[in-house]
Amino acid sequence: MYNRWGGIDVSGKLTVITGPMYSGKTTELLSFVEIYRLGRKKVAVFKPKIDNRYHSTKIVSHSGDGVEAFTVERPEEMWKYIDEETRGVFVDEVQFFSRDLFDVVRELLNRGIDVFCAGLDLTHKQNPFETTAMLLSLADTVIKKKAVCQRCGEYSATLTLKIAGGEEEIDVGGQEKYIAVCRDCYNALKK
């Protein structure tokens, strides 16, 4: 199969950035957006409609950096914003999307588009987020982030602990509901 320049088509690459809350996943994703834009590559940036914590139409890190994004409810809606010139697709908070995101990402890769996804790997109950787990299985590169434990202060937090609200595992929130902790502090605080 040959591309529009007469060369052999090359599949896209999937990079998944994962870890607990406050580990810099979105910041890392935004750095890749910047790299593609500096390289004058057309990008499409997406966020789930459910996540309006900091802004309704921007992906925003906890530090306040951000970029405009298409807000979608279902992964299939992304196709409206992607064309043959798109070289990079960036998706934040993948844990809030349905498992249909896997099929969309796989098709993007087959079309030669690089995809970068960021999201939580585990719920506050240490259960895997299904969509994130599926994307990890497809990834060419996985960037596993850690955070500073908000209890002991060590740079070893790999878990998110819910400190307010109910027990539901899909519950959008920030510092008012969640903290990042290491496994020892998680176990101590859960007792």
# chains A, B, ... in the order shown; residues from 1 in each chain; ligands from 1

call {"tool": "closest_atom_pairs", "arguments": {"of": "range 15-103 of chain A", "to": "range 109-123 of chain A", "cutoff": "6 Å", "atoms": "only C-alpha atoms", "output": "JSON lines"}}
result
{"residue": "A:Thr15", "atom": "CA", "partner": "A:Phe116", "partner_atom": "CA", "distance": 4.8}
{"residue": "A:Val16", "atom": "CA", "partner": "A:Cys117", "partner_atom": "CA", "distance": 4.8}
{"residue": "A:Ile17", "atom": "CA", "partner": "A:Ala118", "partner_atom": "CA", "distance": 4.6}
{"residue": "A:Thr18", "atom": "CA", "partner": "A:Gly119", "partner_atom": "CA", "distance": 5.2}
{"residue": "A:Gly19", "atom": "CA", "partner": "A:Leu120", "partner_atom": "CA", "distance": 5.4}
{"residue": "A:Pro20", "atom": "CA", "partner": "A:Leu120", "partner_atom": "CA", "distance": 5.7}
{"residue": "A:Lys25", "atom": "CA", "partner": "A:Ala118", "partner_atom": "CA", "distance": 5.9}
{"residue": "A:Arg87", "atom": "CA", "partner": "A:Ile113", "partner_atom": "CA", "distance": 5.1}
{"residue": "A:Gly88", "atom": "CA", "partner": "A:Asp114", "partner_atom": "CA", "distance": 4.8}
{"residue": "A:Val89", "atom": "CA", "partner": "A:Val115", "partner_atom": "CA", "distance": 4.8}
{"residue": "A:Phe90", "atom": "CA", "partner": "A:Phe116", "partner_atom": "CA", "distance": 4.8}
{"residue": "A:Val91", "atom": "CA", "partner": "A:Cys117", "partner_atom": "CA", "distance": 4.8}
{"residue": "A:Asp92", "atom": "CA", "partner": "A:Ala118", "partner_atom": "CA", "distance": 4.9}
{"residue": "A:Glu93", "atom": "CA", "partner": "A:Gly119", "partner_atom": "CA", "distance": 4.4}
{"residue": "A:Val94", "atom": "CA", "partner": "A:Gly119", "partner_atom": "CA", "distance": 5.0}
{"residue": "A:Gln95", "atom": "CA", "partner": "A:Gly119", "partner_atom": "CA", "distance": 5.7}

call {"tool": "atom_distance", "arguments": {"atom1": "CA of Arg40 in chain A", "atom2": "CA of Glu76 in chain A"}}
result
25.8 Å

call {"tool": "select_by_dssp", "arguments": {"residues": "chain A", "states": "alpha helix (DSSP H)", "output": "MDAnalysis selection string"}}
result
chainID A and resid 25:38 100:110 130:138 183:190

call {"tool": "closest_atom_pairs", "arguments": {"of": "range 78-116 of chain A", "to": "range 130-134 of chain A", "cutoff": "9 Å", "atoms": "only C-alpha atoms", "output": "Markdown table"}}
result
| residue | atom | partner | partner_atom | distance |
| --- | --- | --- | --- | --- |
| A:Val94 | CA | A:Thr132 | CA | 6.3 |
| A:Gln95 | CA | A:Thr132 | CA | 5.6 |
| A:Phe96 | CA | A:Thr131 | CA | 8.0 |
| A:Phe97 | CA | A:Thr131 | CA | 6.8 |
| A:Ser98 | CA | A:Thr131 | CA | 6.4 |
| A:Arg99 | CA | A:Thr131 | CA | 4.9 |
| A:Asp100 | CA | A:Thr131 | CA | 8.2 |
| A:Leu101 | CA | A:Thr131 | CA | 7.2 |
| A:Phe102 | CA | A:Met134 | CA | 6.6 |

call {"tool": "write_last_selection", "arguments": {"atoms": "all heavy atoms", "output": "PDB file, in the first residue's frame"}}
result
ATOM      1  N   VAL A  94      -8.672   9.613  29.146  1.00  0.00           N
ATOM      2  CA  VAL A  94      -9.240   8.491  28.390  1.00  0.00           C
ATOM      3  C   VAL A  94     -10.106   7.575  29.250  1.00  0.00           C
ATOM      4  O   VAL A  94     -10.985   6.888  28.723  1.00  0.00           O
ATOM      5  CB  VAL A  94      -8.151   7.670  27.658  1.00  0.00           C
ATOM      6  CG1 VAL A  94      -7.464   8.518  26.600  1.00  0.00           C
ATOM      7  CG2 VAL A  94      -7.142   7.072  28.624  1.00  0.00           C
ATOM      8  N   GLN A  95      -9.893   7.572  30.560  1.00  0.00           N
ATOM      9  CA  GLN A  95     -10.678   6.684  31.425  1.00  0.00           C
ATOM     10  C   GLN A  95     -12.166   7.045  31.408  1.00  0.00           C
ATOM     11  O   GLN A  95     -13.001   6.219  31.763  1.00  0.00           O
ATOM     12  CB  GLN A  95     -10.146   6.697  32.869  1.00  0.00           C
ATOM     13  CG  GLN A  95     -10.459   7.944  33.674  1.00  0.00           C
ATOM     14  CD  GLN A  95      -9.474   9.067  33.453  1.00  0.00           C
ATOM     15  OE1 GLN A  95      -8.538   8.953  32.689  1.00  0.00           O
ATOM     16  NE2 GLN A  95      -9.686  10.182  34.145  1.00  0.00           N
ATOM     17  N   PHE A  96     -12.502   8.258  30.970  1.00  0.00           N
ATOM     18  CA  PHE A  96     -13.911   8.673  30.925  1.00  0.00           C
ATOM     19  C   PHE A  96     -14.602   8.299  29.611  1.00  0.00           C
ATOM     20  O   PHE A  96     -15.793   8.523  29.454  1.00  0.00           O
ATOM     21  CB  PHE A  96     -14.034  10.182  31.150  1.00  0.00           C
ATOM     22  CG  PHE A  96     -13.638  10.623  32.530  1.00  0.00           C
ATOM     23  CD1 PHE A  96     -12.869  11.756  32.704  1.00  0.00           C
ATOM     24  CD2 PHE A  96     -14.026   9.913  33.664  1.00  0.00           C
ATOM     25  CE1 PHE A  96     -12.505  12.177  33.971  1.00  0.00           C
ATOM     26  CE2 PHE A  96     -13.665  10.321  34.929  1.00  0.00           C
ATOM     27  CZ  PHE A  96     -12.905  11.463  35.088  1.00  0.00           C
ATOM     28  N   PHE A  97     -13.855   7.765  28.649  1.00  0.00           N
ATOM     29  CA  PHE A  97     -14.442   7.355  27.379  1.00  0.00           C
ATOM     30  C   PHE A  97     -14.833   5.882  27.421  1.00  0.00           C
ATOM     31  O   PHE A  97     -14.240   5.089  28.153  1.00  0.00           O
ATOM     32  CB  PHE A  97     -13.455   7.574  26.226  1.00  0.00           C
ATOM     33  CG  PHE A  97     -13.321   9.007  25.808  1.00  0.00           C
ATOM     34  CD1 PHE A  97     -12.166   9.718  26.104  1.00  0.00           C
ATOM     35  CD2 PHE A  97     -14.348   9.651  25.126  1.00  0.00           C
ATOM     36  CE1 PHE A  97     -12.032  11.042  25.722  1.00  0.00           C
ATOM     37  CE2 PHE A  97     -14.214  10.972  24.734  1.00  0.00           C
ATOM     38  CZ  PHE A  97     -13.060  11.674  25.032  1.00  0.00           C
ATOM     39  N   SER A  98     -15.792   5.527  26.570  1.00  0.00           N
ATOM     40  CA  SER A  98     -16.205   4.124  26.457  1.00  0.00           C
ATOM     41  C   SER A  98     -15.099   3.318  25.785  1.00  0.00           C
ATOM     42  O   SER A  98     -14.178   3.872  25.182  1.00  0.00           O
ATOM     43  CB  SER A  98     -17.492   4.016  25.634  1.00  0.00           C
ATOM     44  OG  SER A  98     -17.210   4.266  24.257  1.00  0.00           O
ATOM     45  N   ARG A  99     -15.238   2.015  25.837  1.00  0.00           N
ATOM     46  CA  ARG A  99     -14.262   1.118  25.226  1.00  0.00           C
ATOM     47  C   ARG A  99     -14.199   1.289  23.709  1.00  0.00           C
ATOM     48  O   ARG A  99     -13.271   0.813  23.073  1.00  0.00           O
ATOM     49  CB  ARG A  99     -14.556  -0.322  25.623  1.00  0.00           C
ATOM     50  CG  ARG A  99     -15.915  -0.805  25.150  1.00  0.00           C
ATOM     51  CD  ARG A  99     -16.290  -2.171  25.657  1.00  0.00           C
ATOM     52  NE  ARG A  99     -15.376  -3.155  25.132  1.00  0.00           N
ATOM     53  CZ  ARG A  99     -14.985  -4.244  25.789  1.00  0.00           C
ATOM     54  NH1 ARG A  99     -15.463  -4.484  26.979  1.00  0.00           N
ATOM     55  NH2 ARG A  99     -14.151  -5.087  25.233  1.00  0.00           N
ATOM     56  N   ASP A 100     -15.162   2.000  23.118  1.00  0.00           N
ATOM     57  CA  ASP A 100     -15.146   2.276  21.676  1.00  0.00           C
ATOM     58  C   ASP A 100     -13.928   3.118  21.275  1.00  0.00           C
ATOM     59  O   ASP A 100     -13.553   3.134  20.104  1.00  0.00           O
ATOM     60  CB  ASP A 100     -16.424   2.995  21.241  1.00  0.00           C
ATOM     61  CG  ASP A 100     -17.663   2.127  21.418  1.00  0.00           C
ATOM     62  OD1 ASP A 100     -17.538   0.884  21.400  1.00  0.00           O
ATOM     63  OD2 ASP A 100     -18.764   2.695  21.580  1.00  0.00           O
ATOM     64  N   LEU A 101     -13.308   3.789  22.241  1.00  0.00           N
ATOM     65  CA  LEU A 101     -12.103   4.563  21.938  1.00  0.00           C
ATOM     66  C   LEU A 101     -11.013   3.651  21.377  1.00  0.00           C
ATOM     67  O   LEU A 101     -10.241   4.060  20.508  1.00  0.00           O
ATOM     68  CB  LEU A 101     -11.607   5.298  23.191  1.00  0.00           C
ATOM     69  CG  LEU A 101     -10.376   6.183  22.988  1.00  0.00           C
ATOM     70  CD1 LEU A 101     -10.632   7.276  21.952  1.00  0.00           C
ATOM     71  CD2 LEU A 101      -9.950   6.804  24.324  1.00  0.00           C
ATOM     72  N   PHE A 102     -10.950   2.421  21.851  1.00  0.00           N
ATOM     73  CA  PHE A 102      -9.959   1.464  21.366  1.00  0.00           C
ATOM     74  C   PHE A 102     -10.062   1.291  19.852  1.00  0.00           C
ATOM     75  O   PHE A 102      -9.060   1.331  19.142  1.00  0.00           O
ATOM     76  CB  PHE A 102     -10.152   0.119  22.080  1.00  0.00           C
ATOM     77  CG  PHE A 102      -9.180  -0.950  21.660  1.00  0.00           C
ATOM     78  CD1 PHE A 102      -7.947  -1.063  22.279  1.00  0.00           C
ATOM     79  CD2 PHE A 102      -9.503  -1.849  20.651  1.00  0.00           C
ATOM     80  CE1 PHE A 102      -7.051  -2.055  21.903  1.00  0.00           C
ATOM     81  CE2 PHE A 102      -8.621  -2.843  20.266  1.00  0.00           C
ATOM     82  CZ  PHE A 102      -7.383  -2.940  20.894  1.00  0.00           C
TER      83      PHE A 102
END

call {"tool": "decode", "arguments": {"residues": "range 121-137 of chain A", "atoms": "N, CA and C atoms", "output": "PDB file, in the first residue's frame"}}
result
ATOM      1  N   ASP A 121      -4.865   5.023  35.264  1.00  0.00           N
ATOM      2  CA  ASP A 121      -4.857   3.578  35.042  1.00  0.00           C
ATOM      3  C   ASP A 121      -5.758   2.854  36.035  1.00  0.00           C
ATOM      4  N   LEU A 122      -5.853   3.368  37.265  1.00  0.00           N
ATOM      5  CA  LEU A 122      -6.622   2.711  38.316  1.00  0.00           C
ATOM      6  C   LEU A 122      -7.645   3.653  38.947  1.00  0.00           C
ATOM      7  N   THR A 123      -8.767   3.081  39.373  1.00  0.00           N
ATOM      8  CA  THR A 123      -9.751   3.844  40.126  1.00  0.00           C
ATOM      9  C   THR A 123      -9.233   4.029  41.553  1.00  0.00           C
ATOM     10  N   HIS A 124      -9.969   4.790  42.341  1.00  0.00           N
ATOM     11  CA  HIS A 124      -9.577   4.986  43.739  1.00  0.00           C
ATOM     12  C   HIS A 124      -9.718   3.695  44.555  1.00  0.00           C
ATOM     13  N   LYS A 125     -10.352   2.683  43.973  1.00  0.00           N
ATOM     14  CA  LYS A 125     -10.458   1.366  44.622  1.00  0.00           C
ATOM     15  C   LYS A 125      -9.415   0.383  44.082  1.00  0.00           C
ATOM     16  N   GLN A 126      -8.466   0.884  43.293  1.00  0.00           N
ATOM     17  CA  GLN A 126      -7.393   0.095  42.675  1.00  0.00           C
ATOM     18  C   GLN A 126      -7.907  -0.896  41.637  1.00  0.00           C
ATOM     19  N   ASN A 127      -9.030  -0.586  41.002  1.00  0.00           N
ATOM     20  CA  ASN A 127      -9.529  -1.373  39.881  1.00  0.00           C
ATOM     21  C   ASN A 127      -9.077  -0.705  38.586  1.00  0.00           C
ATOM     22  N   PRO A 128      -8.689  -1.494  37.574  1.00  0.00           N
ATOM     23  CA  PRO A 128      -8.265  -0.883  36.315  1.00  0.00           C
ATOM     24  C   PRO A 128      -9.436  -0.181  35.613  1.00  0.00           C
ATOM     25  N   PHE A 129      -9.152   0.972  35.030  1.00  0.00           N
ATOM     26  CA  PHE A 129     -10.111   1.597  34.134  1.00  0.00           C
ATOM     27  C   PHE A 129     -10.045   0.820  32.825  1.00  0.00           C
ATOM     28  N   GLU A 130     -11.159   0.285  32.376  1.00  0.00           N
ATOM     29  CA  GLU A 130     -11.182  -0.613  31.228  1.00  0.00           C
ATOM     30  C   GLU A 130     -10.591   0.021  29.969  1.00  0.00           C
ATOM     31  N   THR A 131     -11.006   1.231  29.640  1.00  0.00           N
ATOM     32  CA  THR A 131     -10.538   1.854  28.402  1.00  0.00           C
ATOM     33  C   THR A 131      -9.041   2.094  28.448  1.00  0.00           C
ATOM     34  N   THR A 132      -8.535   2.556  29.576  1.00  0.00           N
ATOM     35  CA  THR A 132      -7.091   2.769  29.701  1.00  0.00           C
ATOM     36  C   THR A 132      -6.349   1.447  29.542  1.00  0.00           C
ATOM     37  N   ALA A 133      -6.843   0.396  30.190  1.00  0.00           N
ATOM     38  CA  ALA A 133      -6.194  -0.917  30.103  1.00  0.00           C
ATOM     39  C   ALA A 133      -6.165  -1.417  28.660  1.00  0.00           C
ATOM     40  N   MET A 134      -7.240  -1.212  27.941  1.00  0.00           N
ATOM     41  CA  MET A 134      -7.289  -1.646  26.544  1.00  0.00           C
ATOM     42  C   MET A 134      -6.262  -0.880  25.708  1.00  0.00           C
ATOM     43  N   LEU A 135      -6.160   0.415  25.923  1.00  0.00           N
ATOM     44  CA  LEU A 135      -5.192   1.220  25.175  1.00  0.00           C
ATOM     45  C   LEU A 135      -3.763   0.831  25.527  1.00  0.00           C
ATOM     46  N   LEU A 136      -3.517   0.504  26.794  1.00  0.00           N
ATOM     47  CA  LEU A 136      -2.177   0.059  27.194  1.00  0.00           C
ATOM     48  C   LEU A 136      -1.776  -1.198  26.425  1.00  0.00           C
ATOM     49  N   SER A 137      -2.727  -2.055  26.151  1.00  0.00           N
ATOM     50  CA  SER A 137      -2.417  -3.295  25.421  1.00  0.00           C
ATOM     51  C   SER A 137      -2.047  -3.024  23.966  1.00  0.00           C
TER      52      SER A 137
END
